[in-house]
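Containing compact mmCIF, C-alpha atoms: upload.txt.
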```txt
# COMPACT_ATOMS: atom_id res chain seq x y z
CA MET A 6 10.46 -15.67 -6.70
CA ARG A 7 7.19 -13.88 -7.33
CA THR A 8 6.99 -10.10 -7.57
CA ARG A 9 4.09 -7.84 -8.47
CA PHE A 10 3.14 -4.37 -9.57
CA ALA A 11 -0.16 -3.13 -8.13
CA PRO A 12 -1.26 0.25 -9.53
CA SER A 13 -4.55 2.03 -8.90
CA PRO A 14 -6.49 3.05 -12.03
CA THR A 15 -7.04 6.60 -10.80
CA GLY A 16 -4.71 8.46 -13.15
CA PRO A 17 -1.84 8.04 -15.61
CA LEU A 18 1.26 5.99 -14.87
CA HIS A 19 4.30 8.21 -14.44
CA LEU A 20 8.06 7.65 -14.36
CA GLY A 21 7.95 6.43 -10.76
CA HIS A 22 5.46 3.75 -11.68
CA ALA A 23 7.57 2.73 -14.66
CA TYR A 24 10.65 2.36 -12.48
CA SER A 25 8.84 0.22 -9.89
CA ALA A 26 7.16 -2.01 -12.47
CA MET A 27 10.33 -2.57 -14.52
CA PHE A 28 12.41 -3.12 -11.38
CA ALA A 29 10.00 -5.81 -10.12
CA HIS A 30 9.75 -7.38 -13.58
CA GLU A 31 13.52 -7.63 -13.98
CA LEU A 32 13.99 -8.99 -10.46
CA ALA A 33 11.58 -11.83 -11.17
CA GLN A 34 13.07 -12.57 -14.60
CA ALA A 35 16.63 -12.65 -13.25
CA SER A 36 15.66 -15.37 -10.78
CA GLY A 37 13.56 -17.36 -13.23
CA GLY A 38 10.48 -16.33 -11.28
CA GLN A 39 7.21 -14.69 -12.16
CA PHE A 40 5.97 -11.11 -12.33
CA LEU A 41 2.28 -10.47 -11.61
CA LEU A 42 0.02 -7.49 -12.15
CA ARG A 43 -2.79 -6.52 -9.76
CA ILE A 44 -5.29 -3.70 -10.16
CA GLU A 45 -6.00 -1.97 -6.84
CA ASP A 46 -9.38 -0.48 -7.63
CA ILE A 47 -11.14 -0.51 -4.25
CA ASP A 48 -11.64 3.25 -4.45
CA ARG A 49 -14.60 3.09 -6.81
CA SER A 50 -15.17 6.84 -6.61
CA ARG A 51 -11.86 7.49 -8.38
CA ALA A 52 -11.15 4.33 -10.39
CA ARG A 53 -11.87 4.60 -14.10
CA PRO A 54 -11.87 1.87 -16.80
CA GLU A 55 -10.01 4.16 -19.19
CA TRP A 56 -7.14 4.49 -16.72
CA GLU A 57 -7.03 0.72 -16.26
CA ALA A 58 -6.84 0.26 -20.03
CA GLN A 59 -4.04 2.84 -20.18
CA ILE A 60 -2.11 0.92 -17.51
CA TYR A 61 -2.13 -2.24 -19.61
CA ASP A 62 -1.15 -0.31 -22.73
CA ASP A 63 1.73 1.56 -21.08
CA LEU A 64 3.15 -1.55 -19.38
CA HIS A 65 3.02 -3.57 -22.60
CA TRP A 66 4.74 -0.70 -24.39
CA LEU A 67 7.50 -0.81 -21.76
CA GLY A 68 8.02 -4.48 -22.64
CA LEU A 69 6.42 -6.06 -19.58
CA ASP A 70 4.24 -9.16 -19.60
CA TRP A 71 2.27 -11.01 -16.92
CA PRO A 72 -0.21 -13.89 -16.51
CA VAL A 73 -3.89 -13.28 -17.13
CA PRO A 74 -6.51 -12.85 -15.86
CA VAL A 75 -5.34 -9.99 -13.69
CA MET A 76 -6.48 -9.84 -10.08
CA ARG A 77 -8.77 -6.87 -9.42
CA GLN A 78 -9.50 -5.85 -5.84
CA SER A 79 -13.05 -4.74 -6.60
CA GLU A 80 -13.87 -8.41 -7.23
CA ARG A 81 -12.56 -9.54 -3.82
CA LEU A 82 -14.67 -7.58 -1.33
CA ASP A 83 -16.11 -10.77 0.17
CA VAL A 84 -12.58 -11.98 0.96
CA TYR A 85 -11.80 -8.76 2.80
CA ARG A 86 -15.07 -8.93 4.73
CA THR A 87 -14.22 -12.45 5.89
CA ALA A 88 -10.85 -11.25 7.21
CA LEU A 89 -12.50 -8.35 9.01
CA GLU A 90 -14.96 -10.74 10.63
CA ARG A 91 -12.08 -12.86 11.92
CA LEU A 92 -10.46 -9.83 13.51
CA TRP A 93 -13.79 -8.60 14.88
CA GLN A 94 -14.52 -11.94 16.55
CA ARG A 95 -11.17 -11.70 18.35
CA GLY A 96 -12.05 -8.28 19.70
CA LEU A 97 -9.37 -6.51 17.67
CA LEU A 98 -11.59 -4.03 15.81
CA TYR A 99 -13.84 -1.20 16.89
CA PRO A 100 -16.16 1.17 14.99
CA CYS A 101 -15.08 4.76 14.53
CA SER A 102 -17.33 7.68 13.57
CA CYS A 103 -14.57 10.33 13.65
CA ARG A 104 -13.99 12.50 10.62
CA ARG A 105 -10.65 13.98 9.66
CA ARG A 106 -11.55 17.27 11.28
CA ASP A 107 -12.45 15.50 14.55
CA ILE A 108 -9.11 13.69 14.58
CA LEU A 109 -7.19 16.87 13.86
CA GLU A 110 -8.96 18.78 16.62
CA ALA A 111 -8.53 15.99 19.17
CA ALA A 112 -4.89 15.40 18.30
CA SER A 113 -4.13 19.14 18.32
CA ALA A 114 -5.42 19.65 21.86
CA PRO A 115 -2.59 20.70 24.23
CA GLN A 116 -0.62 17.64 25.30
CA GLU A 117 2.41 18.66 27.28
CA GLY A 118 3.21 21.22 24.62
CA SER A 119 4.12 18.65 21.95
CA ALA A 120 2.87 18.36 18.39
CA PRO A 121 0.65 15.36 17.54
CA PRO A 122 2.66 12.33 16.32
CA ILE A 123 2.58 11.60 12.59
CA GLY A 124 2.38 8.00 11.43
CA PRO A 125 2.19 6.23 8.06
CA ASP A 126 -1.42 7.36 7.60
CA GLY A 127 -1.00 10.91 8.91
CA ILE A 128 -1.83 12.08 12.41
CA VAL A 129 -1.85 9.12 14.81
CA TYR A 130 -5.44 8.48 15.86
CA PRO A 131 -5.97 9.70 19.45
CA GLY A 132 -8.30 6.82 20.35
CA THR A 133 -11.53 8.79 20.67
CA CYS A 134 -13.82 5.85 19.81
CA ARG A 135 -11.65 3.07 21.23
CA HIS A 136 -13.67 2.42 24.38
CA GLY A 137 -17.14 2.42 22.87
CA ASP A 138 -19.34 -0.56 23.67
CA ARG A 139 -20.76 -1.76 20.34
CA ILE A 140 -21.81 -5.07 18.86
CA GLY A 141 -21.11 -3.84 15.36
CA ALA A 142 -20.43 -0.87 13.13
CA LEU A 143 -23.19 1.45 12.02
CA PRO A 144 -23.55 2.63 8.41
CA GLY A 145 -21.02 5.35 7.69
CA GLU A 146 -18.55 4.21 10.34
CA ALA A 147 -15.01 2.98 9.77
CA LEU A 148 -13.40 -0.02 11.48
CA ARG A 149 -10.09 0.49 13.28
CA LEU A 150 -7.55 -2.02 14.55
CA ASP A 151 -6.99 -1.75 18.29
CA MET A 152 -3.21 -1.76 18.16
CA ARG A 153 -2.86 -2.14 21.93
CA LYS A 154 -4.73 -5.43 21.78
CA ALA A 155 -3.21 -6.55 18.48
CA VAL A 156 0.41 -6.47 19.65
CA GLN A 157 -0.50 -8.75 22.57
CA PHE A 158 -1.05 -11.55 20.05
CA ILE A 159 2.32 -11.11 18.34
CA ASP A 160 5.71 -11.98 19.76
CA LYS A 161 7.84 -10.36 17.02
CA ILE A 162 7.17 -7.74 14.37
CA GLU A 163 10.01 -8.09 11.88
CA PHE A 164 10.70 -8.57 8.19
CA ASN A 165 13.57 -8.95 5.73
CA GLU A 166 14.45 -5.74 3.88
CA ASN A 167 16.42 -6.37 0.69
CA GLY A 168 16.50 -2.74 -0.40
CA SER A 169 16.64 0.09 2.11
CA GLY A 170 14.33 2.31 4.05
CA PRO A 171 14.52 6.11 4.01
CA ASP A 172 17.17 6.00 6.73
CA GLY A 173 19.17 3.19 5.16
CA GLU A 174 17.50 0.30 6.98
CA THR A 175 18.34 -3.04 5.45
CA GLY A 176 18.60 -6.69 6.47
CA ARG A 177 16.36 -7.91 9.29
CA VAL A 178 14.18 -4.99 10.40
CA SER A 179 12.16 -5.10 13.61
CA CYS A 180 9.53 -2.84 15.12
CA SER A 181 8.62 -2.62 18.80
CA ALA A 182 5.12 -2.82 20.22
CA VAL A 183 5.64 0.61 21.81
CA HIS A 184 6.43 2.14 18.41
CA LEU A 185 3.33 0.58 16.87
CA ILE A 186 1.10 1.89 19.65
CA ASP A 187 2.58 5.38 19.92
CA CYS A 188 3.75 6.12 16.38
CA VAL A 189 1.36 4.10 14.19
CA GLY A 190 -1.77 3.81 16.29
CA ASP A 191 -5.19 2.38 15.56
CA ILE A 192 -5.17 2.34 11.78
CA VAL A 193 -8.32 2.06 9.67
CA LEU A 194 -8.90 -1.41 8.22
CA ALA A 195 -12.29 -0.70 6.66
CA ARG A 196 -13.01 2.76 5.32
CA ARG A 197 -16.60 3.94 5.51
CA ASP A 198 -16.75 4.48 1.75
CA MET A 199 -15.30 1.17 0.54
CA GLY A 200 -15.59 -1.50 3.25
CA THR A 201 -11.87 -2.26 3.25
CA SER A 202 -8.57 -0.38 3.15
CA TYR A 203 -5.24 -0.43 1.37
CA HIS A 204 -3.49 -2.02 4.37
CA LEU A 205 -5.93 -4.89 4.70
CA SER A 206 -6.37 -5.58 0.99
CA VAL A 207 -2.69 -5.52 0.10
CA VAL A 208 -1.64 -8.15 2.64
CA ILE A 209 -4.52 -10.47 1.77
CA ASP A 210 -3.87 -10.14 -1.96
CA ASP A 211 -0.09 -10.59 -1.68
CA ALA A 212 -0.74 -13.86 0.17
CA ALA A 213 -3.39 -14.97 -2.34
CA GLN A 214 -0.99 -14.38 -5.23
CA GLY A 215 1.93 -16.07 -3.48
CA ILE A 216 4.10 -12.95 -3.65
CA SER A 217 7.52 -13.77 -2.21
CA HIS A 218 9.13 -10.34 -2.71
CA VAL A 219 7.20 -7.09 -2.42
CA VAL A 220 8.94 -4.42 -4.49
CA ARG A 221 7.78 -0.84 -3.89
CA GLY A 222 8.98 2.69 -3.14
CA GLN A 223 10.61 3.90 0.04
CA ASP A 224 7.52 5.99 0.77
CA LEU A 225 5.78 2.77 1.84
CA PHE A 226 8.55 1.56 4.13
CA GLU A 227 6.84 2.83 7.30
CA ALA A 228 3.64 0.99 6.37
CA THR A 229 5.43 -2.36 6.28
CA ALA A 230 5.22 -2.83 10.05
CA ILE A 231 1.43 -2.48 9.76
CA HIS A 232 1.38 -5.13 7.07
CA VAL A 233 3.47 -7.52 9.14
CA VAL A 234 1.08 -7.07 12.07
CA LEU A 235 -1.87 -7.99 9.84
CA GLN A 236 0.00 -10.92 8.31
CA ARG A 237 0.70 -12.31 11.75
CA LEU A 238 -2.86 -11.77 12.99
CA LEU A 239 -4.36 -13.42 9.89
CA ASP A 240 -1.80 -16.28 9.75
CA LEU A 241 -0.45 -15.12 6.38
CA PRO A 242 3.16 -15.51 5.19
CA VAL A 243 5.48 -12.52 5.57
CA PRO A 244 7.22 -11.88 2.22
CA ALA A 245 10.59 -10.23 1.80
CA TYR A 246 10.44 -6.52 1.06
CA GLN A 247 12.53 -4.39 -1.26
CA HIS A 248 11.89 -0.67 -0.97
CA HIS A 249 13.56 1.16 -3.82
CA LYS A 250 14.48 4.77 -4.46
CA LEU A 251 11.81 7.26 -5.44
CA ILE A 252 11.82 9.04 -8.78
CA ARG A 253 11.70 12.78 -8.14
CA ASP A 254 11.39 15.94 -10.23
CA GLU A 255 14.04 18.63 -10.61
CA THR A 256 13.13 20.15 -7.21
CA GLY A 257 13.40 16.81 -5.40
CA LYS A 258 9.65 16.35 -5.07
CA ARG A 259 8.30 12.83 -5.40
CA LEU A 260 6.25 12.32 -8.56
CA ALA A 261 2.48 11.92 -8.24
CA LYS A 262 -0.32 11.15 -10.68
CA ARG A 263 -1.02 14.85 -11.08
CA ASP A 264 2.39 15.17 -12.79
CA ASP A 265 0.92 14.65 -16.24
CA ALA A 266 4.03 16.03 -17.93
CA ARG A 267 5.92 12.97 -16.66
CA ALA A 268 3.20 10.48 -17.54
CA ILE A 269 4.40 7.53 -19.62
CA SER A 270 1.81 8.40 -22.26
CA ALA A 271 3.27 11.92 -22.56
CA TYR A 272 6.75 10.55 -23.20
CA ARG A 273 5.32 8.16 -25.77
CA ASP A 274 3.61 11.04 -27.55
CA GLN A 275 6.95 12.86 -27.67
CA GLY A 276 8.47 9.94 -29.54
CA LEU A 277 10.62 8.49 -26.75
CA SER A 278 11.29 4.74 -26.67
CA PRO A 279 11.09 2.27 -23.77
CA HIS A 280 14.90 2.34 -23.72
CA ASP A 281 14.77 6.12 -23.26
CA ILE A 282 12.47 5.65 -20.26
CA ARG A 283 14.91 3.17 -18.75
CA GLU A 284 17.71 5.69 -19.11
CA ILE A 285 15.68 8.45 -17.53
CA VAL A 286 14.88 6.42 -14.41
CA GLY A 287 18.38 4.98 -14.13
CA LEU A 288 17.78 1.34 -15.06
CA THR A 289 20.04 1.58 -18.10
CA THR A 290 23.17 3.62 -18.70
CA PRO A 291 23.27 5.77 -21.86
```

For this file, write the structure as structure tokens.
Amino acid sequence: MRTRFAPSPTGPLHLGHAYSAMFAHELAQASGGQFLLRIEDIDRSRARPEWEAQIYDDLHWLGLDWPVPVMRQSERLDVYRTALERLWQRGLLYPCSCRRRDILEAASAPQEGSAPPIGPDGIVYPGTCRHGDRIGALPGEALRLDMRKAVQFIDKIEFNENGSGPDGETGRVSCSAVHLIDCVGDIVLARRDMGTSYHLSVVIDDAAQGISHVVRGQDLFEATAIHVVLQRLLDLPVPAYQHHKLIRDETGKRLAKRDDARAISAYRDQGLSPHDIREIVGLTTP
């Protein structure tokens, strides 16, 4: 078994990160497997070396270890470009010049009195640029996956869920082509500001690292169908998935990097121990 923890160096690690990293680490250790660390730093406008250094420090303090050198996405842009070229040559991508405001306005136009559908990446793209006739993307344009064409190349979209989704999904989970088209839509595979995207990079990197079990929060459950689509299109293995509970604050709100009061470094400064952190997130009983 190979698991991984893949944080972005754009802020401090908080309790939710600690839970996910320790959960994946323990899962690998219990099976005699291996736990890997990956730095997802494709967003160069927000990634900072000081946050990356803090990630290593906090994880070591929690008692985690991993092989080195660590994979860093910013060093793999050529790999992502090669994958995009493969998809482009099959006619599965198209350039998109729409901004968020354009998408919101198009999706909010009256459509039988219903609200625009919301997918894993927000409002489902209404397909404004889908039928453009281009030989390539222009500077400043994104690349989208034509989901209608993509599903024609895939007979089954399914994966093994060892944890549970937000609605209790577990076991063999499947997703229909209709759901992907209507409720996920033409997702961005290359953002205009970074030349790739989370969805594309994560599936390529999981395959490159031989990850057998992807351990992550339930908030990413809906994105898994996207990842399976890309794995099938790019002839990559489909790992097992284990979506775990989310760590929330007293009001039930999911923790985010802006929650500095719950940053691991803040708890360390208060004199708490790694065992205390484990108790707080429910990995150890008092």

Output as a tab-separated table one row per residue of region 64-157 of chain A within 8 Å of region 194-201 of chain A: the closest atom pair and its distance in Å to one decimal place, counting all atoms listed in the file, sorted by chain and residue number ascending.
```
residue	atom	partner	partner_atom	distance
A:Leu82	CA	A:Thr201	CA	7.6
A:Tyr85	CA	A:Thr201	CA	6.5
A:Arg86	CA	A:Thr201	CA	7.5
A:Leu89	CA	A:Leu194	CA	7.9
A:Pro144	CA	A:Arg197	CA	7.6
A:Gly145	CA	A:Arg197	CA	5.1
A:Glu146	CA	A:Arg197	CA	5.2
A:Ala147	CA	A:Arg197	CA	4.6
A:Leu148	CA	A:Ala195	CA	5.0
A:Arg149	CA	A:Leu194	CA	5.5
A:Leu150	CA	A:Leu194	CA	6.5
```

Item checked: Non-local contacts of Glu166 (chain A) (9 Å; all atoms listed in the file; under 2 positions in same chain excluded) as a ChimeraX atom specification -> /A:164,168-170,174-178,245-248

Mind writing the picked residues with C-alpha atoms as a PDB file, keeping the file's coordinate frame?
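Output contents, as saved in selection10.pdb:
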```
ATOM      1  CA  PHE A 164      10.700  -8.570   8.190  1.00  0.00           C
ATOM      2  CA  GLY A 168      16.500  -2.740  -0.400  1.00  0.00           C
ATOM      3  CA  SER A 169      16.640   0.090   2.110  1.00  0.00           C
ATOM      4  CA  GLY A 170      14.330   2.310   4.050  1.00  0.00           C
ATOM      5  CA  GLU A 174      17.500   0.300   6.980  1.00  0.00           C
ATOM      6  CA  THR A 175      18.340  -3.040   5.450  1.00  0.00           C
ATOM      7  CA  GLY A 176      18.600  -6.690   6.470  1.00  0.00           C
ATOM      8  CA  ARG A 177      16.360  -7.910   9.290  1.00  0.00           C
ATOM      9  CA  VAL A 178      14.180  -4.990  10.400  1.00  0.00           C
ATOM     10  CA  ALA A 245      10.590 -10.230   1.800  1.00  0.00           C
ATOM     11  CA  TYR A 246      10.440  -6.520   1.060  1.00  0.00           C
ATOM     12  CA  GLN A 247      12.530  -4.390  -1.260  1.00  0.00           C
ATOM     13  CA  HIS A 248      11.890  -0.670  -0.970  1.00  0.00           C
TER      14      HIS A 248
END
```

Next item on the list: Find the residue from A:Ser179, A:Pro125, A:Leu92, A:Ala228 that sits nearest to Asp240 (chain A); use all atoms listed in the file when measuring.
Entry: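 The shortest atom-to-atom distance to Asp240 (chain A) comes from A:Leu92.
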
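The gap separating CA of Asp224 (chain A) from CA of Asp191 (chain A) is 19.8 Å, in Å to one decimal.
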
Next item on the list: Name the closest residue to Arg273 (chain A) among the candidates A:Gly21, A:Gly124, A:Trp66, A:Arg7; distances are taken between atoms, counting all atoms listed in the file.
Entry: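 Once distances to Arg273 (chain A) are computed over all atoms listed in the file, the minimum belongs to A:Trp66.
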
Next item on the list: Do a neighbour search on region 208-221 of chain A at 8 Å with only C-alpha atoms, toss out local chain neighbours closer than 3 positions, and write the hits as number ranges by chain.
Entry: A: 6-10, 25, 28-29, 85, 204-205, 225, 232, 235-236, 241-242, 244-249

Next item on the list: Name the closest residue to Glu31 (chain A) among the candidates A:Leu67, A:Ala230, A:Ala111, A:Ile123; distances are taken between atoms, counting all atoms listed in the file.
Entry: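 Of the candidates, the smallest distance to Glu31 (chain A) is held by A:Leu67.
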